[in-house]
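As provided, final09.pdb (PDB, C-alpha atoms, pLDDT in the B column) reads as follows.
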ATOM      1  CA  MET A   1       0.000   0.000   0.000  1.00 56.00           C
ATOM      2  CA  GLY A   2       2.900   2.332   0.627  1.00 52.00           C
ATOM      3  CA  GLU A   3       3.863   4.868   3.210  1.00 54.00           C
ATOM      4  CA  PRO A   4       1.016   6.862   4.769  1.00 51.00           C
ATOM      5  CA  PRO A   5       1.070  10.661   4.886  1.00 49.00           C
ATOM      6  CA  SER A   6       3.341  11.961   7.638  1.00 50.00           C
ATOM      7  CA  MET A   7       0.394  13.186   9.717  1.00 46.00           C
ATOM      8  CA  LEU A   8      -0.930   9.594   9.896  1.00 47.00           C
ATOM      9  CA  ASN A   9       2.415   7.888  10.322  1.00 48.00           C
ATOM     10  CA  PHE A  10       1.844   7.402  14.055  1.00 43.00           C
ATOM     11  CA  ILE A  11      -1.180   5.132  13.462  1.00 49.00           C
ATOM     12  CA  MET A  12      -0.008   1.540  13.265  1.00 56.00           C
ATOM     13  CA  GLY A  13      -0.845  -0.303  10.050  1.00 53.00           C
ATOM     14  CA  VAL A  14      -2.202   2.665   8.090  1.00 52.00           C
ATOM     15  CA  GLY A  15      -0.195   1.893   4.962  1.00 61.00           C
ATOM     16  CA  THR A  16      -0.303  -1.864   5.336  1.00 81.00           C
ATOM     17  CA  TYR A  17      -2.753  -4.224   7.037  1.00 87.00           C
ATOM     18  CA  ARG A  18      -5.423  -1.662   7.961  1.00 88.00           C
ATOM     19  CA  ALA A  19      -5.715  -0.443   4.385  1.00 89.00           C
ATOM     20  CA  CYS A  20      -5.832  -3.969   2.979  1.00 93.00           C
ATOM     21  CA  TYR A  21      -8.440  -5.031   5.514  1.00 94.00           C
ATOM     22  CA  ALA A  22     -10.590  -1.958   4.776  1.00 93.00           C
ATOM     23  CA  ILE A  23     -10.427  -2.544   1.018  1.00 96.00           C
ATOM     24  CA  GLY A  24     -11.276  -6.210   1.573  1.00 97.00           C
ATOM     25  CA  SER A  25     -14.294  -5.172   3.636  1.00 97.00           C
ATOM     26  CA  VAL A  26     -15.519  -2.904   0.857  1.00 98.00           C
ATOM     27  CA  TYR A  27     -15.226  -5.673  -1.733  1.00 98.00           C
ATOM     28  CA  HIS A  28     -16.936  -8.059   0.699  1.00 97.00           C
ATOM     29  CA  GLN A  29     -19.876  -5.684   1.106  1.00 97.00           C
ATOM     30  CA  LEU A  30     -20.086  -5.226  -2.656  1.00 97.00           C
ATOM     31  CA  GLY A  31     -20.213  -8.997  -3.115  1.00 96.00           C
ATOM     32  CA  ASP A  32     -16.886  -9.346  -4.946  1.00 97.00           C
ATOM     33  CA  LEU A  33     -15.795 -12.249  -2.791  1.00 97.00           C
ATOM     34  CA  ASN A  34     -12.651 -13.214  -4.690  1.00 97.00           C
ATOM     35  CA  GLU A  35     -11.290  -9.682  -4.513  1.00 98.00           C
ATOM     36  CA  ALA A  36     -12.290  -9.446  -0.839  1.00 97.00           C
ATOM     37  CA  LEU A  37     -10.412 -12.668  -0.123  1.00 97.00           C
ATOM     38  CA  ASN A  38      -7.405 -11.321  -2.003  1.00 97.00           C
ATOM     39  CA  TYR A  39      -7.249  -8.204   0.187  1.00 96.00           C
ATOM     40  CA  TYR A  40      -7.928 -10.092   3.420  1.00 96.00           C
ATOM     41  CA  ASN A  41      -5.009 -12.353   2.502  1.00 96.00           C
ATOM     42  CA  LYS A  42      -2.809  -9.308   1.915  1.00 95.00           C
ATOM     43  CA  ALA A  43      -3.820  -7.943   5.321  1.00 94.00           C
ATOM     44  CA  LEU A  44      -2.880 -11.271   6.907  1.00 94.00           C
ATOM     45  CA  THR A  45       0.535 -11.239   5.231  1.00 93.00           C
ATOM     46  CA  TYR A  46       1.221  -7.925   6.970  1.00 91.00           C
ATOM     47  CA  LYS A  47      -0.282  -8.987  10.305  1.00 90.00           C
ATOM     48  CA  ASN A  48      -1.010 -12.704  10.643  1.00 89.00           C
ATOM     49  CA  ASP A  49      -2.866 -12.330  13.942  1.00 89.00           C
ATOM     50  CA  LEU A  50      -5.434  -9.871  12.621  1.00 91.00           C
ATOM     51  CA  TYR A  51      -8.481 -11.724  13.895  1.00 93.00           C
ATOM     52  CA  ASP A  52     -11.003  -9.519  12.105  1.00 94.00           C
ATOM     53  CA  ALA A  53      -9.430 -10.550   8.804  1.00 95.00           C
ATOM     54  CA  VAL A  54      -9.373 -14.226   9.818  1.00 96.00           C
ATOM     55  CA  TYR A  55     -13.086 -14.141  10.663  1.00 97.00           C
ATOM     56  CA  SER A  56     -13.795 -12.259   7.435  1.00 97.00           C
ATOM     57  CA  VAL A  57     -11.924 -14.909   5.458  1.00 97.00           C
ATOM     58  CA  GLY A  58     -14.194 -17.486   7.103  1.00 96.00           C
ATOM     59  CA  SER A  59     -17.232 -15.480   6.045  1.00 97.00           C
ATOM     60  CA  VAL A  60     -16.030 -15.245   2.445  1.00 98.00           C
ATOM     61  CA  LEU A  61     -15.117 -18.925   2.270  1.00 97.00           C
ATOM     62  CA  THR A  62     -18.553 -20.023   3.507  1.00 97.00           C
ATOM     63  CA  ARG A  63     -20.081 -18.110   0.620  1.00 96.00           C
ATOM     64  CA  LEU A  64     -17.604 -19.373  -1.973  1.00 97.00           C
ATOM     65  CA  TYR A  65     -17.737 -23.054  -0.975  1.00 96.00           C
ATOM     66  CA  GLN A  66     -21.091 -24.653  -0.253  1.00 94.00           C
ATOM     67  CA  ASP A  67     -19.693 -28.175   0.116  1.00 96.00           C
ATOM     68  CA  PRO A  68     -18.646 -28.671   3.777  1.00 95.00           C
ATOM     69  CA  GLU A  69     -15.542 -30.707   2.894  1.00 96.00           C
ATOM     70  CA  GLU A  70     -14.376 -28.128   0.385  1.00 97.00           C
ATOM     71  CA  LEU A  71     -15.032 -25.352   2.896  1.00 97.00           C
ATOM     72  CA  LYS A  72     -13.022 -27.164   5.573  1.00 96.00           C
ATOM     73  CA  GLU A  73     -10.136 -27.756   3.178  1.00 96.00           C
ATOM     74  CA  HIS A  74      -9.876 -24.055   2.332  1.00 97.00           C
ATOM     75  CA  LEU A  75     -10.455 -22.750   5.856  1.00 96.00           C
ATOM     76  CA  GLU A  76      -7.893 -25.059   7.466  1.00 96.00           C
ATOM     77  CA  GLN A  77      -5.163 -23.632   5.240  1.00 95.00           C
ATOM     78  CA  TYR A  78      -5.220 -20.522   7.432  1.00 93.00           C
ATOM     79  CA  PHE A  79      -4.587 -22.358  10.694  1.00 93.00           C
ATOM     80  CA  ALA A  80      -1.888 -24.368  12.415  1.00 90.00           C
ATOM     81  CA  LYS A  81      -2.396 -28.113  12.344  1.00 87.00           C
ATOM     82  CA  ASN A  82      -2.717 -29.940  15.659  1.00 89.00           C
ATOM     83  CA  SER A  83      -3.492 -26.764  17.588  1.00 91.00           C
ATOM     84  CA  ALA A  84      -6.426 -26.773  19.973  1.00 92.00           C
ATOM     85  CA  GLY A  85      -6.649 -22.984  19.700  1.00 92.00           C
ATOM     86  CA  SER A  86      -6.868 -23.155  15.923  1.00 94.00           C
ATOM     87  CA  PHE A  87      -9.707 -25.648  16.025  1.00 95.00           C
ATOM     88  CA  ALA A  88     -11.497 -23.592  18.682  1.00 94.00           C
ATOM     89  CA  MET A  89     -11.280 -20.488  16.482  1.00 95.00           C
ATOM     90  CA  MET A  90     -12.495 -22.408  13.435  1.00 96.00           C
ATOM     91  CA  ALA A  91     -15.431 -23.653  15.526  1.00 96.00           C
ATOM     92  CA  ASP A  92     -16.263 -20.080  16.487  1.00 96.00           C
ATOM     93  CA  ILE A  93     -16.054 -18.918  12.866  1.00 97.00           C
ATOM     94  CA  MET A  94     -18.320 -21.727  11.681  1.00 97.00           C
ATOM     95  CA  PHE A  95     -20.813 -20.968  14.440  1.00 97.00           C
ATOM     96  CA  LEU A  96     -20.983 -17.324  13.386  1.00 96.00           C
ATOM     97  CA  GLU A  97     -21.565 -18.499   9.811  1.00 97.00           C
ATOM     98  CA  ARG A  98     -24.352 -20.853  10.999  1.00 96.00           C
ATOM     99  CA  LYS A  99     -22.492 -23.981   9.941  1.00 97.00           C
ATOM    100  CA  TYR A 100     -23.416 -25.886  13.092  1.00 97.00           C
ATOM    101  CA  GLN A 101     -22.301 -29.364  12.038  1.00 96.00           C
ATOM    102  CA  LEU A 102     -18.835 -28.047  11.178  1.00 97.00           C
ATOM    103  CA  THR A 103     -18.812 -26.156  14.472  1.00 96.00           C
ATOM    104  CA  LEU A 104     -19.391 -29.412  16.331  1.00 96.00           C
ATOM    105  CA  GLU A 105     -16.666 -31.185  14.348  1.00 96.00           C
ATOM    106  CA  TYR A 106     -14.134 -28.476  15.160  1.00 96.00           C
ATOM    107  CA  ILE A 107     -15.128 -28.446  18.826  1.00 95.00           C
ATOM    108  CA  GLU A 108     -14.602 -32.212  18.983  1.00 94.00           C
ATOM    109  CA  GLU A 109     -11.162 -31.839  17.407  1.00 94.00           C
ATOM    110  CA  ALA A 110     -10.236 -29.018  19.804  1.00 94.00           C
ATOM    111  CA  GLU A 111     -11.335 -31.179  22.726  1.00 92.00           C
ATOM    112  CA  THR A 112      -9.218 -34.070  21.440  1.00 91.00           C
ATOM    113  CA  LEU A 113      -6.210 -31.741  21.352  1.00 91.00           C
ATOM    114  CA  GLY A 114      -6.767 -30.599  24.942  1.00 86.00           C
ATOM    115  CA  ALA A 115      -8.548 -27.244  24.555  1.00 84.00           C
ATOM    116  CA  ASP A 116     -10.010 -25.509  27.579  1.00 81.00           C
ATOM    117  CA  MET A 117     -13.617 -26.555  27.206  1.00 77.00           C
ATOM    118  CA  GLY A 118     -15.301 -23.805  29.236  1.00 82.00           C
ATOM    119  CA  ASP A 119     -16.325 -21.531  26.380  1.00 83.00           C
ATOM    120  CA  LEU A 120     -16.407 -24.392  23.906  1.00 91.00           C
ATOM    121  CA  GLN A 121     -19.007 -26.284  25.944  1.00 91.00           C
ATOM    122  CA  PHE A 122     -21.293 -23.267  25.702  1.00 92.00           C
ATOM    123  CA  LEU A 123     -20.627 -23.006  21.960  1.00 92.00           C
ATOM    124  CA  LYS A 124     -21.347 -26.723  21.646  1.00 93.00           C
ATOM    125  CA  ALA A 125     -24.646 -26.350  23.484  1.00 93.00           C
ATOM    126  CA  LYS A 126     -25.680 -23.437  21.266  1.00 93.00           C
ATOM    127  CA  SER A 127     -24.761 -25.439  18.151  1.00 95.00           C
ATOM    128  CA  LEU A 128     -26.764 -28.447  19.289  1.00 93.00           C
ATOM    129  CA  PHE A 129     -29.715 -26.189  20.016  1.00 91.00           C
ATOM    130  CA  ASN A 130     -29.667 -24.884  16.452  1.00 85.00           C
TER
END
This entry written out as structure tokens:
Amino acid sequence: MGEPPSMLNFIMGVGTYRACYAIGSVYHQLGDLNEALNYYNKALTYKNDLYDAVYSVGSVLTRLYQDPEELKEHLEQYFAKNSAGSFAMMADIMFLERKYQLTLEYIEEAETLGADMGDLQFLKAKSLFN
């Protein structure tokens, strides 16, 4: 994105991840999902722990891939393998996208890997209710 104007230089990420995330959000709202995903990915290359972008990627992927196995394959590329925290976050993303069966699968995997089940039990209950 380039260097921001000197008066904005003190704001972290203005010329990098914030700009990419904002552009991705605009494309997302306009329905250009491939371009949105492109900019969310750019934002994540600048700041790989930008959770808003990670959740937005999940939102885009659920619209691009209707098949649950295909969706899982693409979503899991963004996360560490064999990490309870990764599976817990994927469960949360799928819950927000109303993919309750996938939510339950990710919760089960997180539990297998030793995740703290406090919040996940509540998420599991809400998923089973839906």
Please put the answer as AutoDock Vina command-line options: centre and edge lengths, in Å with one decimal, of a box along x, y and z that encloses all listed atoms of segment 64-78 of chain A plus 6 Å on each side.
--center_x -13.1 --center_y -25.0 --center_z 2.7 --size_x 27.9 --size_y 23.3 --size_z 21.4
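With atom CA of Thr103 of chain A on one side and atom CA of Ala91 of chain A on the other, the separation reads 4.3 Å.
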Next item on the list: Around the point (-9.5, -30.6, 21.6), in the coordinates given by the file, pick out the residues reaching within 10 Å, counting only C-alpha atoms, and return them as a ChimeraX atom specification.
Entry: /A:82-88,106-117,120
Check: Could you spell out the hits of the PyMOL selection byres ((chain A and resi 58) around 12) on the shown file, as a count of residues only?
Finding: 40
Item checked: Selection result of the PyMOL selection byres ((chain A and resi 20) around 7) on this file, as a PyMOL selection string -> chain A and resi 16-19+21-24+39-40+42-43
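Note that the spacing between atom CA of Tyr100 of chain A and atom CA of Gly118 of chain A amounts to 18.2 Å.
From atom CA of Ala125 of chain A back to atom CA of Glu105 of chain A, the distance works out to 13.1 Å.
Once the PyMOL selection byres ((chain A and resi 128) around 10) is applied to this file, the selection holds Tyr100, Gln101, Thr103, Leu104, Phe122, Leu123, Lys124, Ala125, Lys126, Ser127, Phe129 and Asn130 of chain A.
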